[in-house]
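Chemist: Before anything else, here's the structure in question.
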Amino acid sequence: MLARYAAHDEATRGRRYPEAAPQYRSEYQRDRDRIVHASAFRRLVYKTQVFVNHEGDMYRTRLTHSMEVAQIGRSIALALNLNEALTEAICLAHDLGHTPFGHAGQDALNECMREYGGFEHNMQSLRVVDELEERYAEFPGLNLTFECREGILKHCSLANARTLGDIGERFIKRQQPGLEAQLANLADEIAYNNHDVDDGLRAGLIDMQELREVRIFARQLQAVEQRYPGVSGRRQVNEVVRRMINGIVVDVIESSAARIAAAAPESIDAVRAHGSALVEMSEAVHREHLELKQFLREKLYRHYRVQRMTRKARTVVSGLFSAFIDDVLLMPDEHREIARRFEAELGLAGRARAVADYVAGMTDRYAISEHDRIFVPAHRS
Ligand code: MG
C-alpha cells in the first residue's frame with residue numbers, strides 16, 4: 001500500500017553506523033522503538049508545553065503533546081499511503097531536545113549560548129538522538145535512519161547546516177525533506193494550536209466569548225450548538241476542539257493528495273527535489289489557522305500569568321547556566337567530566353556546550369530544584 005514517493009526501507013539513505021537489517025521489524029519501526037526506549041523520551045513527561053509542570057495535572061506536557069502529534073501524523077500518513085512507522089518516529093522524537101519550560105526555556109538558553117554558537121531546540125533534538133543518548137555498546141546515540149533524522153531537524157540556520165554534513169545539505173540547497181517529515185511538522189502545529197485552546201480554556205486564561213471571534217472555532221461551535229443545544233462545559237469544548245482537529249486533518253489529507261497528484265513524484269528523492277512542500281493545508285484553512293495562532297499569541301501566550309511563568313523560566317535557566325559556566329565544579333561529576341573534555345577540545349565554547357546539554361536535558365521540576373540547591377542558602381545541596 002505504500003506509495004512510490006513514500007519512504008521505503010530499501011531506499012533508505014541508511015544509518016551513520018551501518019547495522020544489519022532488523023529481523024521482524026522495518027527499519028523505521030526500529031527507529032520508533034529506539035525513541036520510545038530513550039531516556040530523553042521519558043523525561044518529556046515532566047517538561048512543559050505552555051503551563052509549567054506543577055501548575056496542574058490536567059495540562060499537556062511534552063510527552064502527551066508528542067503522542068497527540070504522533071496520532072495526527074499517523075492518521076494523515078495512512079490516508080496518503082505514506083510510511084506510518086517513520087511518521088510516528090519523527091513525531092515522537094521531534095521535541096526530545098526541548099529545554100525545560102517550553103519556549104521560554106529555549107529562548108533563555110539561546111540567549112546564554114549567543115557567543116558560543118547558540119541553542120536551537122531542533123538541533124538539540126538531533127544532538128540527543130545522534131550523540132547524547134547512551135544506550136548501545138556499538139555507537140553513541142540511537143543511530144537512527146537518515147530519513148528519521150531529516151524529519152527531526154525541521155529548521156536550522158545556514159551556519160549550523162554547514163556543520164552537519166549530509167543532514168544539513170537540504171537547507172543549503174533549499175530542498176524539501178521527505179513527505180513523512182513534512183507531515184510530522186504540520187501535525188505538530190495542528191496539535192499544539194488545538195490543545196493550547198483546550199488548555200487555555202481549562203486554565204481560564206481565555207474564554208468562549210473571545211473565541212467566537214476566531215472563525216475556525218466559531219464555525220465548529222455554531223455547529224455543535226445547533227446539533228447539541230443542551231451540551232455545555234467540558235463536553236462542548238471537547239466536541240468543538242475535536243471537530244477543529246478533524247476538519248484540519250481532512251483538509252490536509254485532501255489538499256496534499258491533490259498537490260501530490262499534480263506533482264506526481266516518482267520517489268522520495270523527487271519529493272526532496274520538488275520546489276515546494278507537498279503536504280500542506282489548503283489556502284483557506286491555512287489562513288484560518290493563522291488567525292487562531294494569532295489569537296493564541298495575543299490572548300494566551302502574552303497573558304500575564306503565562307508571562308510570569310516565562311519570567312521564572314528565564315530566571316531558572318539563565319541562573320543555572322551562568323552558575324555552571326562560571327564554575328564547572330558545581331555540576332555533578334559526570335557532567336563536570338564532559339565539560340572538561342569538551343573544553344580541552346573546543347575551549348570555552350566546548351564548556352558552554354556541555355553546560356547547555358546538561359541544562360537542556362533537565363525536566364521542569366529538576367531544573368527548579370537544581371536552582372534551589374545552588375541559590376537558596378537554606379536548601380540542601
Ligand atoms: Mg512540538
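Following the order of the C-alpha cells, first chain is A, next is B, and so on, with residues numbered from 1 inside each chain and ligands from 1 in the order they appear.
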Please identify every polymer residue within 9 Å of ligand 1, using only C-alpha atoms and all ligand atoms, and present the set as a VMD selection string.
Modeler: chain A and resid 49 62 65 to 66 69 91 94 to 95 98 185 187 to 189 191 to 192
Chemist: Just write the chosen residues, N, CA, C and O atoms, as a PDB file, in the first residue's frame.
Modeler:
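Once written, part.pdb looks like this:
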```pdb
ATOM      1  N   GLN A  49       4.774  22.269  28.103  1.00  0.00           N
ATOM      2  CA  GLN A  49       4.361  22.775  26.811  1.00  0.00           C
ATOM      3  C   GLN A  49       4.154  24.289  26.992  1.00  0.00           C
ATOM      4  O   GLN A  49       5.010  25.073  26.640  1.00  0.00           O
ATOM      5  N   ARG A  62       5.076  17.787  27.401  1.00  0.00           N
ATOM      6  CA  ARG A  62       5.683  17.482  26.102  1.00  0.00           C
ATOM      7  C   ARG A  62       5.477  16.029  25.694  1.00  0.00           C
ATOM      8  O   ARG A  62       5.479  15.709  24.523  1.00  0.00           O
ATOM      9  N   HIS A  65       1.852  15.862  24.446  1.00  0.00           N
ATOM     10  CA  HIS A  65       1.874  16.610  23.182  1.00  0.00           C
ATOM     11  C   HIS A  65       2.463  15.734  22.072  1.00  0.00           C
ATOM     12  O   HIS A  65       1.881  15.613  20.993  1.00  0.00           O
ATOM     13  N   SER A  66       3.605  15.108  22.336  1.00  0.00           N
ATOM     14  CA  SER A  66       4.263  14.292  21.313  1.00  0.00           C
ATOM     15  C   SER A  66       3.370  13.134  20.874  1.00  0.00           C
ATOM     16  O   SER A  66       3.350  12.764  19.694  1.00  0.00           O
ATOM     17  N   VAL A  69       0.712  14.537  18.604  1.00  0.00           N
ATOM     18  CA  VAL A  69       1.316  14.809  17.294  1.00  0.00           C
ATOM     19  C   VAL A  69       1.414  13.498  16.506  1.00  0.00           C
ATOM     20  O   VAL A  69       1.065  13.433  15.323  1.00  0.00           O
ATOM     21  N   CYS A  91       7.486  12.105  14.797  1.00  0.00           N
ATOM     22  CA  CYS A  91       6.587  12.843  15.704  1.00  0.00           C
ATOM     23  C   CYS A  91       6.988  12.626  17.165  1.00  0.00           C
ATOM     24  O   CYS A  91       7.021  13.567  17.952  1.00  0.00           O
ATOM     25  N   HIS A  94      10.329  14.588  17.886  1.00  0.00           N
ATOM     26  CA  HIS A  94      10.563  15.958  17.434  1.00  0.00           C
ATOM     27  C   HIS A  94      10.920  16.926  18.561  1.00  0.00           C
ATOM     28  O   HIS A  94      11.603  17.902  18.340  1.00  0.00           O
ATOM     29  N   ASP A  95      10.483  16.651  19.776  1.00  0.00           N
ATOM     30  CA  ASP A  95      10.755  17.581  20.880  1.00  0.00           C
ATOM     31  C   ASP A  95      11.774  17.048  21.883  1.00  0.00           C
ATOM     32  O   ASP A  95      11.909  17.599  22.976  1.00  0.00           O
ATOM     33  N   HIS A  98      14.022  19.533  23.576  1.00  0.00           N
ATOM     34  CA  HIS A  98      13.468  20.743  24.185  1.00  0.00           C
ATOM     35  C   HIS A  98      13.970  20.931  25.606  1.00  0.00           C
ATOM     36  O   HIS A  98      14.104  19.998  26.363  1.00  0.00           O
ATOM     37  N   ASN A 185       5.827  17.767  10.720  1.00  0.00           N
ATOM     38  CA  ASN A 185       5.931  19.190  11.014  1.00  0.00           C
ATOM     39  C   ASN A 185       4.541  19.829  11.131  1.00  0.00           C
ATOM     40  O   ASN A 185       4.238  20.578  12.064  1.00  0.00           O
ATOM     41  N   ALA A 187       1.682  18.191  11.631  1.00  0.00           N
ATOM     42  CA  ALA A 187       0.945  17.559  12.727  1.00  0.00           C
ATOM     43  C   ALA A 187       1.283  18.240  14.056  1.00  0.00           C
ATOM     44  O   ALA A 187       0.425  18.400  14.927  1.00  0.00           O
ATOM     45  N   ASP A 188       2.532  18.660  14.201  1.00  0.00           N
ATOM     46  CA  ASP A 188       2.971  19.373  15.407  1.00  0.00           C
ATOM     47  C   ASP A 188       2.149  20.657  15.570  1.00  0.00           C
ATOM     48  O   ASP A 188       1.577  20.927  16.625  1.00  0.00           O
ATOM     49  N   GLU A 189       2.057  21.435  14.497  1.00  0.00           N
ATOM     50  CA  GLU A 189       1.302  22.692  14.541  1.00  0.00           C
ATOM     51  C   GLU A 189      -0.173  22.474  14.840  1.00  0.00           C
ATOM     52  O   GLU A 189      -0.772  23.197  15.624  1.00  0.00           O
ATOM     53  N   ALA A 191      -1.535  19.968  16.354  1.00  0.00           N
ATOM     54  CA  ALA A 191      -1.707  19.505  17.734  1.00  0.00           C
ATOM     55  C   ALA A 191      -1.606  20.665  18.705  1.00  0.00           C
ATOM     56  O   ALA A 191      -2.493  20.860  19.534  1.00  0.00           O
ATOM     57  N   TYR A 192      -0.547  21.477  18.616  1.00  0.00           N
ATOM     58  CA  TYR A 192      -0.409  22.464  19.688  1.00  0.00           C
ATOM     59  C   TYR A 192      -1.411  23.601  19.601  1.00  0.00           C
ATOM     60  O   TYR A 192      -1.896  24.065  20.621  1.00  0.00           O
TER      61      TYR A 192
END
```
Chemist: Which parts of range 205-346 of chain A does DSSP call alpha helix (DSSP H) when run on the backbone here, written out as JSON, numbers by chain?
Modeler: {"A": [208, 209, 210, 211, 215, 216, 217, 218, 219, 220, 221, 222, 223, 224, 225, 226, 227, 233, 234, 235, 236, 237, 238, 239, 240, 241, 242, 243, 244, 245, 246, 247, 248, 249, 250, 251, 252, 253, 254, 255, 256, 257, 258, 259, 260, 261, 262, 263, 268, 269, 270, 271, 272, 273, 283, 284, 285, 286, 287, 288, 289, 290, 291, 292, 293, 294, 295, 304, 305, 306, 307, 308, 309, 310, 311, 312, 313, 314, 315, 316, 317, 318, 319, 320, 321, 322, 323, 324, 325, 326, 333, 334, 335, 336, 337, 338, 339, 340, 341, 342, 343, 344, 345, 346]}
Chemist: Can you check which residues of range 15-243 of chain A DSSP gives as strand (DSSP E or B) on the backbone and send them as a ChimeraX atom specification?
Modeler: /A:15,48,61,145
Chemist: Do you know which residues are at most 10 Å from Ser26 in chain A counting only C-alpha atoms, after dropping those on the same chain fewer than 3 positions away, and could you put them as JSON, numbers by chain?
Modeler: {"A": [8, 9, 10, 21, 22, 23, 29, 30, 31, 32, 85, 86]}
Chemist: Using only C-alpha atoms, pick whichever of A:Leu300, A:Leu292, A:Leu330, A:Ala184 has the shortest atom-to-atom distance to Ile216 in chain A.
Modeler: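 For Ile216 in chain A, the nearest of the candidates is A:Leu292.
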Chemist: Which one is closest to Leu142 in chain A: A:Leu221, A:Ala360, A:Ala38, A:Val328? Count only C-alpha atoms.
Modeler: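 Counting only C-alpha atoms, the residue closest to Leu142 in chain A is A:Ala38.
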Chemist: Which is closer to Gln182 in chain A than all the others in A:Asp269, A:Glu134, A:Glu337, A:Glu280, using only C-alpha atoms?
Modeler: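 Counting only C-alpha atoms, the residue closest to Gln182 in chain A is A:Glu280.
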Chemist: Which one is closest to Glu298 in chain A: A:Ala89, A:Ser39, A:Leu183, A:Leu205? Count only C-alpha atoms.
Modeler: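 Smallest separation from Glu298 in chain A among the options: A:Leu205.
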Chemist: Which residues are near Leu109 in chain A? Cut-off 9 Å, only C-alpha atoms, ignore same chain within fewer than 2 positions. Put them as a list in words.
Modeler: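 These residues fall inside the cut-off: Thr99, Ala104, Gly105, Gln106, Asp107, Glu111, Cys112, Met113, Arg114, Gly118, Phe119, Glu120, Arg314, Val317, Ser318, Phe321, Ala356, Val359 and Ala360 of chain A.
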Chemist: So, counting only C-alpha atoms, which residue among A:Val129, A:Asp372, A:Thr87, A:Arg212 is closest to Ala70 in chain A?
Modeler: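 Among the listed residues, the smallest separation from Ala70 in chain A belongs to A:Thr87.
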Chemist: Name all residues at most 12 Å from Leu329 in chain A (count only C-alpha atoms; drop same-chain ones fewer than 4 positions away) and give them as a ChimeraX atom specification.
Modeler: /A:323-325,333-340,351,355,374
Chemist: Write the residues of the preceding selection, restricted to C-alpha atoms, as a PDB file, in the first residue's frame.
Modeler:
```pdb
ATOM      1  CA  ALA A 323      26.492  29.293  37.729  1.00  0.00           C
ATOM      2  CA  PHE A 324      27.756  26.236  35.810  1.00  0.00           C
ATOM      3  CA  ILE A 325      29.779  28.066  33.200  1.00  0.00           C
ATOM      4  CA  ASP A 333      30.736  14.562  38.404  1.00  0.00           C
ATOM      5  CA  GLU A 334      29.570  13.087  35.136  1.00  0.00           C
ATOM      6  CA  HIS A 335      28.717  16.472  33.615  1.00  0.00           C
ATOM      7  CA  ARG A 336      31.835  18.099  35.022  1.00  0.00           C
ATOM      8  CA  GLU A 337      33.929  15.487  33.241  1.00  0.00           C
ATOM      9  CA  ILE A 338      32.130  16.091  29.957  1.00  0.00           C
ATOM     10  CA  ALA A 339      32.641  19.844  30.352  1.00  0.00           C
ATOM     11  CA  ARG A 340      36.377  19.313  30.868  1.00  0.00           C
ATOM     12  CA  ARG A 351      32.491  24.120  28.169  1.00  0.00           C
ATOM     13  CA  VAL A 355      26.548  23.140  30.260  1.00  0.00           C
ATOM     14  CA  ILE A 374      22.532  26.277  44.226  1.00  0.00           C
TER      15      ILE A 374
END
```
Chemist: Kindly assemble as a tab-separated table a list of the range 10-74 of chain A residues that lie within 9 Å of range 144-152 of chain A, each paired with its nearest atom pair and their distance in Å to one decimal, using only C-alpha atoms, sorted first by chain and then by ascending residue number.
Modeler:
```
residue	atom	partner	partner_atom	distance
A:Thr12	CA	A:Glu147	CA	6.9
A:Arg13	CA	A:Phe146	CA	5.6
A:Gly14	CA	A:Thr145	CA	5.2
A:Arg15	CA	A:Thr145	CA	4.6
A:Arg16	CA	A:Thr145	CA	7.6
A:Glu27	CA	A:Thr145	CA	7.5
A:Tyr28	CA	A:Thr145	CA	7.4
A:Arg30	CA	A:Leu144	CA	8.3
A:Asp31	CA	A:Leu144	CA	5.6
A:Arg32	CA	A:Leu144	CA	8.9
A:Arg34	CA	A:Leu144	CA	8.2
A:Ile35	CA	A:Leu144	CA	8.9
```
Chemist: Write out, as a PDB file, in the first residue's frame, the residues just selected, with C-alpha atoms.
Modeler:
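Below is the file that was written, part-v3.pdb:
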```
ATOM      1  CA  THR A  12      16.842   4.421   2.976  1.00  0.00           C
ATOM      2  CA  ARG A  13      19.994   6.511   2.966  1.00  0.00           C
ATOM      3  CA  GLY A  14      20.945   4.416   5.938  1.00  0.00           C
ATOM      4  CA  ARG A  15      22.371   4.888   9.413  1.00  0.00           C
ATOM      5  CA  ARG A  16      25.577   6.659  10.444  1.00  0.00           C
ATOM      6  CA  GLU A  27      13.933  -0.005   9.638  1.00  0.00           C
ATOM      7  CA  TYR A  28      11.539   2.757  10.670  1.00  0.00           C
ATOM      8  CA  ARG A  30      13.192   0.097  14.778  1.00  0.00           C
ATOM      9  CA  ASP A  31      13.737   3.867  14.825  1.00  0.00           C
ATOM     10  CA  ARG A  32      10.416   4.390  16.583  1.00  0.00           C
ATOM     11  CA  ARG A  34      14.550   3.131  19.947  1.00  0.00           C
ATOM     12  CA  ILE A  35      12.962   6.524  20.548  1.00  0.00           C
TER      13      ILE A  35
END
```
